[in-house]
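Dumped query-v9.pdb below, it's PDB, C-alpha atoms:
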ATOM      1  CA  MET F   1     -56.347  81.116 187.298
ATOM      2  CA  ASN F   2     -53.965  83.297 185.334
ATOM      3  CA  SER F   3     -55.667  86.680 184.839
ATOM      4  CA  ASN F   4     -54.131  86.963 181.357
ATOM      5  CA  SER F   5     -55.592  83.689 180.089
ATOM      6  CA  ASP F   6     -57.858  83.516 177.058
ATOM      7  CA  LEU F   7     -60.743  82.480 179.290
ATOM      8  CA  GLN F   8     -60.598  85.791 181.144
ATOM      9  CA  ILE F   9     -60.793  87.741 177.870
ATOM     10  CA  ALA F  10     -63.473  85.597 176.222
ATOM     11  CA  GLY F  11     -66.056  88.405 176.059
ATOM     12  CA  ASP F  12     -64.481  90.038 172.981
ATOM     13  CA  LEU F  13     -62.792  87.938 170.304
ATOM     14  CA  LEU F  14     -60.989  90.999 168.971
ATOM     15  CA  GLU F  15     -59.037  90.984 172.261
ATOM     16  CA  VAL F  16     -57.719  87.489 171.492
ATOM     17  CA  GLN F  17     -55.562  88.463 168.530
ATOM     18  CA  HIS F  18     -53.852  85.081 168.125
ATOM     19  CA  LEU F  19     -57.249  83.404 167.540
ATOM     20  CA  LEU F  20     -58.257  85.742 164.716
ATOM     21  CA  ARG F  21     -57.795  84.801 161.093
ATOM     22  CA  PRO F  22     -55.449  87.026 159.105
ATOM     23  CA  ALA F  23     -57.308  90.098 157.890
ATOM     24  CA  ARG F  24     -58.450  90.053 154.281
ATOM     25  CA  LYS F  25     -57.484  92.932 152.058
ATOM     26  CA  HIS F  26     -61.184  93.824 151.816
ATOM     27  CA  PRO F  27     -63.855  92.846 154.366
ATOM     28  CA  ALA F  28     -66.698  90.556 153.347
ATOM     29  CA  THR F  29     -68.607  89.851 156.586
ATOM     30  CA  VAL F  30     -70.287  92.027 159.207
ATOM     31  CA  ALA F  31     -67.582  91.088 161.719
ATOM     32  CA  GLU F  32     -64.854  92.100 159.270
ATOM     33  CA  PHE F  33     -66.543  95.461 158.590
ATOM     34  CA  VAL F  34     -66.795  96.046 162.364
ATOM     35  CA  GLY F  35     -63.121  95.121 162.699
ATOM     36  CA  LEU F  36     -62.145  97.475 159.872
ATOM     37  CA  ALA F  37     -64.044 100.321 161.551
ATOM     38  CA  ARG F  38     -62.299  99.541 164.865
ATOM     39  CA  THR F  39     -58.913  99.516 163.164
ATOM     40  CA  ILE F  40     -59.511 102.903 161.550
ATOM     41  CA  ALA F  41     -60.912 104.296 164.813
ATOM     42  CA  GLY F  42     -57.793 103.172 166.650
ATOM     43  CA  ASP F  43     -55.450 105.003 164.282
ATOM     44  CA  ARG F  44     -56.218 108.733 164.593
ATOM     45  CA  SER F  45     -53.581 109.521 161.953
ATOM     46  CA  GLN F  46     -55.897 107.964 159.320
ATOM     47  CA  TRP F  47     -58.788 110.323 159.994
ATOM     48  CA  ALA F  48     -58.079 113.192 162.428
ATOM     49  CA  PRO F  49     -56.119 115.387 159.967
ATOM     50  CA  LEU F  50     -59.052 115.221 157.524
ATOM     51  CA  VAL F  51     -61.803 116.362 159.903
ATOM     52  CA  ARG F  52     -63.440 119.726 159.297
ATOM     53  CA  TYR F  53     -66.297 121.330 161.208
ATOM     54  CA  ASP F  54     -69.012 123.272 159.394
ATOM     55  CA  THR F  55     -71.604 125.185 161.378
ATOM     56  CA  THR F  56     -74.038 125.385 158.445
ATOM     57  CA  THR F  57     -74.224 121.693 157.529
ATOM     58  CA  ARG F  58     -72.826 118.343 158.567
ATOM     59  CA  TRP F  59     -69.403 117.878 157.027
ATOM     60  CA  TYR F  60     -68.577 114.551 155.381
ATOM     61  CA  HIS F  61     -65.682 113.017 153.496
ATOM     62  CA  ARG F  62     -65.442 109.665 151.723
ATOM     63  CA  LEU F  63     -62.413 108.136 153.406
ATOM     64  CA  ARG F  64     -62.084 104.899 151.466
ATOM     65  CA  THR F  65     -63.805 102.607 148.991
ATOM     66  CA  GLY F  66     -63.429  98.918 148.287
ATOM     67  CA  PRO F  67     -65.225  96.255 146.293
ATOM     68  CA  GLY F  68     -68.880  97.015 147.026
ATOM     69  CA  TYR F  69     -68.338  99.154 150.141
ATOM     70  CA  GLU F  70     -67.420 102.675 151.135
ATOM     71  CA  ILE F  71     -66.308 104.399 154.321
ATOM     72  CA  TRP F  72     -67.380 107.930 155.251
ATOM     73  CA  LEU F  73     -66.047 110.303 157.878
ATOM     74  CA  LEU F  74     -68.586 112.791 159.315
ATOM     75  CA  SER F  75     -68.314 115.663 161.767
ATOM     76  CA  TRP F  76     -71.125 117.027 163.899
ATOM     77  CA  VAL F  77     -71.117 120.357 165.692
ATOM     78  CA  PRO F  78     -73.528 120.711 168.628
ATOM     79  CA  GLY F  79     -77.133 120.614 167.464
ATOM     80  CA  GLN F  80     -76.496 119.017 164.070
ATOM     81  CA  GLY F  81     -78.461 115.897 163.185
ATOM     82  CA  SER F  82     -79.226 113.569 160.336
ATOM     83  CA  GLY F  83     -83.003 113.611 160.437
ATOM     84  CA  LEU F  84     -84.881 110.329 160.642
ATOM     85  CA  HIS F  85     -83.728 108.131 157.755
ATOM     86  CA  ASP F  86     -82.753 104.677 156.567
ATOM     87  CA  HIS F  87     -79.947 103.611 154.240
ATOM     88  CA  GLY F  88     -81.887 102.032 151.385
ATOM     89  CA  PRO F  89     -80.383  98.661 150.428
ATOM     90  CA  SER F  90     -77.188  99.229 152.423
ATOM     91  CA  SER F  91     -76.117  97.653 155.692
ATOM     92  CA  GLY F  92     -73.717  99.586 157.840
ATOM     93  CA  VAL F  93     -71.485 100.101 160.803
ATOM     94  CA  LEU F  94     -71.566 103.431 162.667
ATOM     95  CA  THR F  95     -68.587 104.107 164.935
ATOM     96  CA  VAL F  96     -68.208 107.211 167.097
ATOM     97  CA  LEU F  97     -64.593 108.350 166.866
ATOM     98  CA  ASP F  98     -64.688 111.481 168.996
ATOM     99  CA  GLY F  99     -67.293 113.154 171.197
ATOM    100  CA  GLU F 100     -70.811 111.913 171.823
ATOM    101  CA  LEU F 101     -73.825 111.336 169.579
ATOM    102  CA  THR F 102     -77.430 110.439 170.333
ATOM    103  CA  GLU F 103     -79.240 107.801 168.277
ATOM    104  CA  ARG F 104     -83.039 107.826 168.225
ATOM    105  CA  THR F 105     -85.123 104.930 166.928
ATOM    106  CA  ASP F 106     -88.649 103.680 167.455
ATOM    107  CA  ARG F 107     -87.176 101.620 170.332
ATOM    108  CA  GLY F 108     -85.870 104.656 172.211
ATOM    109  CA  THR F 109     -82.825 106.842 172.610
ATOM    110  CA  ARG F 110     -79.222 105.712 173.047
ATOM    111  CA  THR F 111     -76.115 107.771 173.846
ATOM    112  CA  LEU F 112     -73.099 106.762 171.776
ATOM    113  CA  ASN F 113     -69.734 107.747 173.245
ATOM    114  CA  ALA F 114     -66.347 107.565 171.514
ATOM    115  CA  GLY F 115     -65.697 103.906 170.692
ATOM    116  CA  SER F 116     -69.396 102.971 170.513
ATOM    117  CA  GLN F 117     -70.483 101.022 167.455
ATOM    118  CA  ARG F 118     -73.891 100.307 165.939
ATOM    119  CA  VAL F 119     -74.450  97.722 163.218
ATOM    120  CA  PHE F 120     -77.575  97.964 161.083
ATOM    121  CA  ALA F 121     -79.272  96.156 158.206
ATOM    122  CA  PRO F 122     -81.223  97.584 155.266
ATOM    123  CA  GLY F 123     -84.447  99.224 156.402
ATOM    124  CA  TYR F 124     -83.095 100.279 159.819
ATOM    125  CA  ILE F 125     -84.616 103.686 160.591
ATOM    126  CA  HIS F 126     -82.815 106.037 162.948
ATOM    127  CA  GLU F 127     -81.826 109.614 163.603
ATOM    128  CA  VAL F 128     -78.382 110.629 164.801
ATOM    129  CA  VAL F 129     -77.913 113.969 166.579
ATOM    130  CA  ASN F 130     -75.139 115.755 168.417
ATOM    131  CA  ASP F 131     -77.021 116.716 171.588
ATOM    132  CA  SER F 132     -73.802 117.504 173.453
ATOM    133  CA  LEU F 133     -71.969 120.804 173.820
ATOM    134  CA  GLU F 134     -68.825 119.556 172.039
ATOM    135  CA  PRO F 135     -68.188 118.562 168.404
ATOM    136  CA  ALA F 136     -68.260 114.876 167.465
ATOM    137  CA  VAL F 137     -66.773 112.733 164.693
ATOM    138  CA  SER F 138     -68.138 109.456 163.366
ATOM    139  CA  LEU F 139     -67.129 106.792 160.861
ATOM    140  CA  HIS F 140     -69.727 105.072 158.653
ATOM    141  CA  VAL F 141     -69.111 101.879 156.668
ATOM    142  CA  TYR F 142     -71.795 100.995 154.090
ATOM    143  CA  TYR F 143     -72.165  97.748 152.160
ATOM    144  CA  PRO F 144     -73.124  98.056 149.407
ATOM    145  CA  GLY F 145     -72.009 101.658 149.052
ATOM    146  CA  LEU F 146     -74.638 104.209 150.046
ATOM    147  CA  THR F 147     -76.842 105.031 147.046
ATOM    148  CA  ASP F 148     -80.070 105.959 148.813
ATOM    149  CA  MET F 149     -80.902 107.592 152.139
ATOM    150  CA  PRO F 150     -84.698 107.953 152.315
ATOM    151  CA  MET F 151     -85.870 110.497 154.853
ATOM    152  CA  HIS F 152     -88.819 109.738 157.117
ATOM    153  CA  ALA F 153     -89.970 113.282 157.855
ATOM    154  CA  ALA F 154     -93.569 112.355 158.717
ATOM    155  CA  GLN F 155     -92.351 110.023 161.472
ATOM    156  CA  CYS F 156     -89.599 112.334 162.712
ATOM    157  CA  ALA F 157     -91.726 114.464 165.050
ATOM    158  CA  ALA F 158     -93.348 111.390 166.606
ATOM    159  CA  ALA F 159     -90.022 109.601 167.116
ATOM    160  CA  VAL F 160     -88.391 112.621 168.702
ATOM    161  CA  ALA F 161     -91.412 113.316 170.931
ATOM    162  CA  THR F 162     -91.366 109.775 172.319
ATOM    163  CA  ALA F 163     -87.586 109.688 172.767
TER     164      ALA F 163
END
Once more with this new file: its structure as structure tokens, please.
Amino acid sequence: MNSNSDLQIAGDLLEVQHLLRPARKHPATVAEFVGLARTIAGDRSQWAPLVRYDTTTRWYHRLRTGPGYEIWLLSWVPGQGSGLHDHGPSSGVLTVLDGELTERTDRGTRTLNAGSQRVFAPGYIHEVVNDSLEPAVSLHVYYPGLTDMPMHAAQCAAAVATA
């Protein structure tokens, strides 16, 4: 079998470019939001010149908006974290662009390296932390745009202790 055939690549449809529909100007499905995040991640010129690191607080920058969605760029110096939170009525895609982040949920702890993506629905509770010794950068797509980020401080200690 030809090692370059579509059957060999079948694990990731984004690797089979000729089978994809032409990209819409603005995404409307989870898959399209994931694809948009991957496209931005793959083009450092879109985001790298904008990144700033702040040792007193997480730095963030709204990179882009579209009909009903927004895209945020965040930087994380070692030790910075989000606290345990959800995203209100928003769904989202978290993509690590540079470095390494740790995600903690009630299901456990997951290390997210550059290129890792997490997709979440409204009500998804997590904490994201830079536990590494190097800075990290992440991209966050929210649909609808982020209007609420309720903190879950009472659960934070328990979630971190079990992680």
Query raised in the report: How would you write, as a VMD selection string, the residues chosen by the PyMOL selection byres ((chain F and resi 102-110) around 6) on this structure?
Result: chain F and resid 101 111 to 112 126 to 129 163
Query - Residues matched by the PyMOL selection byres ((chain F and resi 139-147) around 8), written as a PyMOL selection string - result: chain F and resi 33+37+41+68-74+87-97+137-138+148-149
Report task. Just say which residues the PyMOL selection byres ((chain F and resi 47-61) around 9) picks in this file, as JSON, numbers by chain. Result -> {"F": [40, 41, 43, 44, 45, 46, 62, 63, 71, 72, 73, 74, 75, 76, 77, 78, 80, 81, 82, 135, 137]}
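Considering all atoms listed in the file, the residue among F:Ala136, F:Leu84, F:Ala153, F:Val34 positioned nearest to Val119 of chain F is F:Val34.
Note that atom CA of His85 of chain F and atom CA of Met151 of chain F are 4.3 Å apart.
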Query - For Tyr124 of chain F, the nearest of the candidates F:Arg64, F:Val30, F:Asp98, F:His152, counting all atoms listed in the file - result: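 When distances to Tyr124 of chain F are compared using all atoms listed in the file, the smallest one comes from F:His152.
Atom CA of Asn113 of chain F sits 24.8 Å away from atom CA of Pro27 of chain F.
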Report task. Compare F:Asn130, F:Ala28, F:Gly66, F:Arg38 by their minimum atom-to-atom distance to Gln117 of chain F, counting all atoms listed in the file, and give me the closest one. Result -> F:Arg38
